[in-house]
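J.: This is the content of upload29.pdb (PDB, C-alpha atoms, pLDDT in the B column):
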ATOM      1  CA  MET T 298      -1.358  -8.424 -20.327  1.00 96.00           C
ATOM      2  CA  ILE T 299      -2.020 -10.412 -17.178  1.00 97.00           C
ATOM      3  CA  ALA T 300      -3.568 -13.873 -16.961  1.00 98.00           C
ATOM      4  CA  VAL T 301      -5.714 -15.281 -14.176  1.00 98.00           C
ATOM      5  CA  ASP T 302      -5.225 -18.772 -12.747  1.00 98.00           C
ATOM      6  CA  THR T 303      -7.897 -21.255 -11.704  1.00 98.00           C
ATOM      7  CA  ASN T 304      -7.781 -20.546  -7.976  1.00 97.00           C
ATOM      8  CA  ILE T 305      -8.683 -16.872  -8.406  1.00 98.00           C
ATOM      9  CA  LEU T 306     -11.652 -17.874 -10.587  1.00 98.00           C
ATOM     10  CA  VAL T 307     -12.818 -20.481  -8.072  1.00 98.00           C
ATOM     11  CA  TYR T 308     -12.517 -18.129  -5.095  1.00 98.00           C
ATOM     12  CA  ALA T 309     -14.425 -15.428  -6.970  1.00 98.00           C
ATOM     13  CA  HIS T 310     -17.186 -17.887  -7.882  1.00 97.00           C
ATOM     14  CA  ARG T 311     -17.666 -19.752  -4.597  1.00 97.00           C
ATOM     15  CA  ALA T 312     -19.225 -17.383  -2.044  1.00 94.00           C
ATOM     16  CA  TYR T 313     -18.017 -19.382   0.952  1.00 92.00           C
ATOM     17  CA  SER T 314     -14.378 -19.598  -0.102  1.00 91.00           C
ATOM     18  CA  PRO T 315     -11.966 -17.888   2.303  1.00 90.00           C
ATOM     19  CA  PHE T 316     -10.829 -15.321  -0.273  1.00 96.00           C
ATOM     20  CA  HIS T 317     -14.155 -14.801  -2.037  1.00 97.00           C
ATOM     21  CA  ASP T 318     -14.528 -11.053  -1.507  1.00 97.00           C
ATOM     22  CA  ARG T 319     -10.971 -10.216  -2.578  1.00 97.00           C
ATOM     23  CA  ALA T 320     -11.064 -12.588  -5.549  1.00 98.00           C
ATOM     24  CA  ARG T 321     -14.429 -11.316  -6.715  1.00 98.00           C
ATOM     25  CA  SER T 322     -13.225  -7.712  -6.461  1.00 97.00           C
ATOM     26  CA  THR T 323     -10.125  -8.653  -8.435  1.00 97.00           C
ATOM     27  CA  ILE T 324     -12.148 -10.229 -11.252  1.00 98.00           C
ATOM     28  CA  GLU T 325     -14.674  -7.378 -11.249  1.00 97.00           C
ATOM     29  CA  SER T 326     -11.928  -4.762 -11.481  1.00 97.00           C
ATOM     30  CA  LEU T 327     -10.425  -6.583 -14.453  1.00 97.00           C
ATOM     31  CA  ALA T 328     -13.848  -6.981 -16.078  1.00 97.00           C
ATOM     32  CA  VAL T 329     -14.701  -3.280 -15.950  1.00 96.00           C
ATOM     33  CA  GLY T 330     -11.192  -2.073 -16.737  1.00 94.00           C
ATOM     34  CA  VAL T 331      -9.646  -1.215 -20.060  1.00 93.00           C
ATOM     35  CA  ARG T 332      -6.582  -3.386 -19.527  1.00 94.00           C
ATOM     36  CA  GLU T 333      -6.474  -6.586 -21.574  1.00 97.00           C
ATOM     37  CA  TRP T 334      -6.353  -9.784 -19.558  1.00 98.00           C
ATOM     38  CA  ALA T 335      -6.539 -13.492 -20.228  1.00 98.00           C
ATOM     39  CA  ILE T 336      -7.640 -16.828 -18.887  1.00 98.00           C
ATOM     40  CA  PRO T 337      -5.721 -19.857 -20.166  1.00 98.00           C
ATOM     41  CA  TRP T 338      -8.187 -22.489 -21.395  1.00 98.00           C
ATOM     42  CA  PRO T 339      -6.742 -25.148 -19.048  1.00 98.00           C
ATOM     43  CA  CYS T 340      -7.680 -22.831 -16.159  1.00 98.00           C
ATOM     44  CA  ALA T 341     -11.242 -22.536 -17.473  1.00 98.00           C
ATOM     45  CA  HIS T 342     -11.456 -26.335 -17.707  1.00 98.00           C
ATOM     46  CA  GLU T 343     -10.030 -26.742 -14.221  1.00 98.00           C
ATOM     47  CA  PHE T 344     -12.412 -24.087 -12.853  1.00 98.00           C
ATOM     48  CA  PHE T 345     -15.344 -26.095 -14.197  1.00 98.00           C
ATOM     49  CA  ALA T 346     -13.950 -29.369 -12.828  1.00 98.00           C
ATOM     50  CA  VAL T 347     -13.340 -27.926  -9.354  1.00 98.00           C
ATOM     51  CA  VAL T 348     -16.572 -25.990  -8.785  1.00 98.00           C
ATOM     52  CA  THR T 349     -18.797 -28.842 -10.021  1.00 98.00           C
ATOM     53  CA  HIS T 350     -16.961 -31.609  -8.122  1.00 97.00           C
ATOM     54  CA  PRO T 351     -19.114 -33.273  -5.417  1.00 96.00           C
ATOM     55  CA  ARG T 352     -16.058 -34.447  -3.463  1.00 95.00           C
ATOM     56  CA  ILE T 353     -14.712 -30.908  -3.195  1.00 93.00           C
ATOM     57  CA  TYR T 354     -17.975 -29.155  -2.329  1.00 94.00           C
ATOM     58  CA  LYS T 355     -20.890 -30.496  -0.303  1.00 94.00           C
ATOM     59  CA  THR T 356     -23.117 -28.507  -2.659  1.00 96.00           C
ATOM     60  CA  PRO T 357     -21.220 -28.268  -5.929  1.00 97.00           C
ATOM     61  CA  THR T 358     -22.022 -25.668  -8.538  1.00 98.00           C
ATOM     62  CA  PRO T 359     -24.490 -27.063 -11.081  1.00 98.00           C
ATOM     63  CA  PRO T 360     -22.782 -27.555 -14.465  1.00 98.00           C
ATOM     64  CA  GLU T 361     -25.238 -25.139 -16.109  1.00 98.00           C
ATOM     65  CA  THR T 362     -24.213 -22.430 -13.647  1.00 98.00           C
ATOM     66  CA  ALA T 363     -20.512 -23.076 -14.190  1.00 98.00           C
ATOM     67  CA  PHE T 364     -20.981 -22.831 -17.960  1.00 98.00           C
ATOM     68  CA  ALA T 365     -23.034 -19.650 -17.479  1.00 98.00           C
ATOM     69  CA  GLN T 366     -20.124 -18.152 -15.538  1.00 97.00           C
ATOM     70  CA  LEU T 367     -17.683 -19.016 -18.323  1.00 98.00           C
ATOM     71  CA  ARG T 368     -20.080 -17.653 -20.957  1.00 98.00           C
ATOM     72  CA  ALA T 369     -20.417 -14.398 -18.983  1.00 97.00           C
ATOM     73  CA  LEU T 370     -16.645 -14.035 -18.839  1.00 97.00           C
ATOM     74  CA  ASN T 371     -16.423 -14.805 -22.556  1.00 97.00           C
ATOM     75  CA  THR T 372     -18.573 -11.735 -23.331  1.00 97.00           C
ATOM     76  CA  LEU T 373     -16.020  -9.327 -21.848  1.00 97.00           C
ATOM     77  CA  ALA T 374     -14.376  -7.261 -24.569  1.00 96.00           C
ATOM     78  CA  ASN T 375     -11.057  -6.998 -22.721  1.00 98.00           C
ATOM     79  CA  LEU T 376     -10.744 -10.723 -21.908  1.00 98.00           C
ATOM     80  CA  ALA T 377      -9.191 -13.376 -24.116  1.00 98.00           C
ATOM     81  CA  PHE T 378      -9.244 -17.097 -23.459  1.00 98.00           C
ATOM     82  CA  ILE T 379      -5.823 -18.329 -24.556  1.00 98.00           C
ATOM     83  CA  ALA T 380      -4.592 -21.745 -25.650  1.00 98.00           C
ATOM     84  CA  GLU T 381      -1.526 -23.398 -27.084  1.00 97.00           C
ATOM     85  CA  ALA T 382      -0.012 -21.247 -29.843  1.00 92.00           C
ATOM     86  CA  ASP T 383       2.817 -21.606 -32.362  1.00 90.00           C
ATOM     87  CA  GLU T 384       5.677 -21.272 -29.869  1.00 90.00           C
ATOM     88  CA  TYR T 385       3.936 -23.295 -27.166  1.00 96.00           C
ATOM     89  CA  LEU T 386       6.049 -26.465 -27.408  1.00 96.00           C
ATOM     90  CA  LEU T 387       9.300 -24.501 -27.234  1.00 96.00           C
ATOM     91  CA  HIS T 388       8.073 -22.641 -24.152  1.00 96.00           C
ATOM     92  CA  LEU T 389       6.850 -25.853 -22.526  1.00 97.00           C
ATOM     93  CA  GLU T 390      10.187 -27.562 -23.044  1.00 97.00           C
ATOM     94  CA  SER T 391      12.171 -24.540 -21.838  1.00 97.00           C
ATOM     95  CA  LEU T 392      10.080 -24.459 -18.644  1.00 97.00           C
ATOM     96  CA  ALA T 393       9.609 -28.160 -17.921  1.00 97.00           C
ATOM     97  CA  LEU T 394      13.172 -29.419 -18.392  1.00 97.00           C
ATOM     98  CA  PRO T 395      14.999 -27.008 -16.043  1.00 96.00           C
ATOM     99  CA  ALA T 396      12.214 -27.352 -13.455  1.00 96.00           C
ATOM    100  CA  LYS T 397      12.315 -31.159 -13.753  1.00 95.00           C
ATOM    101  CA  ALA T 398       8.526 -30.977 -14.070  1.00 93.00           C
ATOM    102  CA  ARG T 399       6.858 -34.374 -13.961  1.00 93.00           C
ATOM    103  CA  GLY T 400       3.328 -35.633 -13.363  1.00 92.00           C
ATOM    104  CA  GLY T 401       0.955 -32.935 -12.150  1.00 88.00           C
ATOM    105  CA  ALA T 402       3.642 -30.251 -12.446  1.00 93.00           C
ATOM    106  CA  ILE T 403       3.268 -30.475 -16.229  1.00 96.00           C
ATOM    107  CA  HIS T 404      -0.194 -28.922 -15.844  1.00 96.00           C
ATOM    108  CA  ASP T 405       1.386 -25.816 -14.288  1.00 97.00           C
ATOM    109  CA  ALA T 406       4.126 -25.814 -16.940  1.00 97.00           C
ATOM    110  CA  ARG T 407       1.411 -25.976 -19.594  1.00 98.00           C
ATOM    111  CA  ILE T 408      -0.331 -22.905 -18.171  1.00 98.00           C
ATOM    112  CA  ALA T 409       2.970 -21.036 -17.913  1.00 98.00           C
ATOM    113  CA  ALA T 410       3.933 -21.970 -21.490  1.00 98.00           C
ATOM    114  CA  ILE T 411       0.548 -20.835 -22.828  1.00 98.00           C
ATOM    115  CA  CYS T 412       0.978 -17.525 -21.016  1.00 98.00           C
ATOM    116  CA  LEU T 413       4.484 -16.978 -22.339  1.00 97.00           C
ATOM    117  CA  SER T 414       3.502 -17.885 -25.897  1.00 96.00           C
ATOM    118  CA  HIS T 415       0.817 -15.150 -25.735  1.00 97.00           C
ATOM    119  CA  GLY T 416       3.079 -12.495 -24.241  1.00 96.00           C
ATOM    120  CA  VAL T 417       1.485 -12.547 -20.788  1.00 97.00           C
ATOM    121  CA  ALA T 418       3.606 -10.393 -18.502  1.00 94.00           C
ATOM    122  CA  GLU T 419       2.208 -11.695 -15.216  1.00 97.00           C
ATOM    123  CA  LEU T 420       0.079 -14.604 -14.006  1.00 98.00           C
ATOM    124  CA  TRP T 421      -2.179 -13.864 -11.057  1.00 98.00           C
ATOM    125  CA  SER T 422      -2.393 -16.952  -8.860  1.00 98.00           C
ATOM    126  CA  THR T 423      -2.349 -18.109  -5.261  1.00 97.00           C
ATOM    127  CA  ASP T 424      -0.411 -21.229  -6.303  1.00 95.00           C
ATOM    128  CA  ARG T 425       3.227 -21.017  -5.241  1.00 93.00           C
ATOM    129  CA  ASP T 426       4.118 -23.966  -7.503  1.00 93.00           C
ATOM    130  CA  PHE T 427       4.482 -21.551 -10.417  1.00 95.00           C
ATOM    131  CA  SER T 428       7.659 -20.233  -8.765  1.00 94.00           C
ATOM    132  CA  ARG T 429       9.495 -23.153 -10.368  1.00 95.00           C
ATOM    133  CA  PHE T 430       9.091 -21.318 -13.701  1.00 97.00           C
ATOM    134  CA  PRO T 431      11.033 -18.052 -13.251  1.00 95.00           C
ATOM    135  CA  ALA T 432      10.477 -16.968 -16.875  1.00 96.00           C
ATOM    136  CA  LEU T 433       6.878 -16.092 -15.931  1.00 97.00           C
ATOM    137  CA  ALA T 434       6.215 -13.423 -13.313  1.00 97.00           C
ATOM    138  CA  VAL T 435       3.575 -14.592 -10.830  1.00 97.00           C
ATOM    139  CA  ARG T 436       1.734 -12.458  -8.296  1.00 97.00           C
ATOM    140  CA  ASN T 437      -0.925 -13.210  -5.724  1.00 97.00           C
ATOM    141  CA  PRO T 438      -3.392 -10.306  -5.991  1.00 97.00           C
ATOM    142  CA  LEU T 439      -5.302 -11.456  -2.908  1.00 96.00           C
ATOM    143  CA  ILE T 440      -2.601 -10.551  -0.408  1.00 92.00           C
ATOM    144  CA  GLY T 441      -1.039  -7.279   0.583  1.00 70.00           C
TER
END
Please render this file's structure as structure tokens.
T.:
Amino acid sequence: MIAVDTNILVYAHRAYSPFHDRARSTIESLAVGVREWAIPWPCAHEFFAVVTHPRIYKTPTPPETAFAQLRALNTLANLAFIAEADEYLLHLESLALPAKARGGAIHDARIAAICLSHGVAELWSTDRDFSRFPALAVRNPLIG
């Protein structure tokens, strides 16, 4: 199973983002495919926070529209929203301590630990900060 990070969701949603077409195609191909995929709940929360933020976008996404997007994703049979599971704390500790994760880096460690505790093989993201957690394979599907 693969998981999708916040930035891919934001790019797919915001038509004027620099990677909109590629991100939208990526999400659409996952949505119509048979392969199981996931969105960690912290990424869904962050998606909502980013697209509705008036300091990030001159015309932010209305909250109703952002929720509609999340509801639409939630109807996909091959998509699971994933959260902290039984082994989450062990994964978080095993990622955070070697990486010396502090402050905002704990958010990325949280996402990585959620993915690992659900057996995610690969996280799709444009965020290079996940490279500090080598236990989780990360790939940018918008390049190459």
J.: Please measure the separation of atom CA of Ile299 of chain T and atom CA of Glu390 of chain T, giving the value in Å to one decimal.
T.: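 Distance reported for this atom pair: 21.9 Å.
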J.: Selected by the PyMOL selection byres ((chain T and resi 416-426) around 10) in the shown coordinates: which residues, as an NGL selection string?
T.: :T and (298-306 or 323 or 333-337 or 402 or 405-406 or 408-415 or 427-430 or 432-440)
J.: Which residue is closest to Lys355 of chain T? Choose from T:Gly441, T:Tyr313, T:Asp318, T:Gly401 and count all atoms listed in the file.
T.: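 Once distances to Lys355 of chain T are computed over all atoms listed in the file, the minimum belongs to T:Tyr313.
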J.: Run through the PyMOL selection byres ((chain T and resi 376) around 9) on the given coordinates and return the selected residues as a PDB file with C-alpha atoms, in the coordinates of the input.
T.:
ATOM      1  CA  LEU T 327     -10.425  -6.583 -14.453  1.00 97.00           C
ATOM      2  CA  ALA T 328     -13.848  -6.981 -16.078  1.00 97.00           C
ATOM      3  CA  ARG T 332      -6.582  -3.386 -19.527  1.00 94.00           C
ATOM      4  CA  GLU T 333      -6.474  -6.586 -21.574  1.00 97.00           C
ATOM      5  CA  TRP T 334      -6.353  -9.784 -19.558  1.00 98.00           C
ATOM      6  CA  ALA T 335      -6.539 -13.492 -20.228  1.00 98.00           C
ATOM      7  CA  ILE T 336      -7.640 -16.828 -18.887  1.00 98.00           C
ATOM      8  CA  LEU T 370     -16.645 -14.035 -18.839  1.00 97.00           C
ATOM      9  CA  ASN T 371     -16.423 -14.805 -22.556  1.00 97.00           C
ATOM     10  CA  THR T 372     -18.573 -11.735 -23.331  1.00 97.00           C
ATOM     11  CA  LEU T 373     -16.020  -9.327 -21.848  1.00 97.00           C
ATOM     12  CA  ALA T 374     -14.376  -7.261 -24.569  1.00 96.00           C
ATOM     13  CA  ASN T 375     -11.057  -6.998 -22.721  1.00 98.00           C
ATOM     14  CA  ALA T 377      -9.191 -13.376 -24.116  1.00 98.00           C
ATOM     15  CA  PHE T 378      -9.244 -17.097 -23.459  1.00 98.00           C
TER      16      PHE T 378
END
J.: Have a look at atom CA of Phe345 of chain T and atom CA of Ala320 of chain T and let me know their distance in Å, one decimal.
T.: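 Answer for the atom CA of Phe345 of chain T to atom CA of Ala320 of chain T separation: 16.6 Å.
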J.: Written as number ranges by chain, what is the full residue list that the PyMOL selection byres ((chain T and resi 366) around 12) yields on the file shown?
T.: T: 306-307, 309-311, 341, 344-345, 348, 358-365, 367-373
J.: For a quick check of understanding, using all atoms listed in the file, which of T:Ile379, T:Tyr354, T:Leu394, T:Leu389 has the smallest distance to Cys340 of chain T?
T.: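 Using all atoms listed in the file, Cys340 of chain T sits closest to T:Ile379.
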J.: Using Å and a single decimal, report how far atom CA of Arg407 of chain T sits from atom CA of Ala393 of chain T.
T.: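 Atom CA of Arg407 of chain T lies at a distance of 8.6 Å from atom CA of Ala393 of chain T.
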J.: Kindly list the centre and edge lengths in Å, rounded to one decimal, for the axis-aligned box that covers all listed atoms of segment 421-436 of chain T plus 3 Å on each of its six sides, as lines of an AutoDock Vina configuration file.
T.:
center_x = 4.3
center_y = -18.2
center_z = -11.1
size_x = 19.4
size_y = 17.5
size_z = 17.6
J.: Go through T:His342, T:Phe316, T:Ile324, T:Ala382 one by one, measure the shortest atom-to-atom distance of each to His404 of chain T using all atoms listed in the file, and give the residue with the smallest value.
T.: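 Of T:His342, T:Phe316, T:Ile324, T:Ala382, the one nearest His404 of chain T is T:His342, counting all atoms listed in the file.
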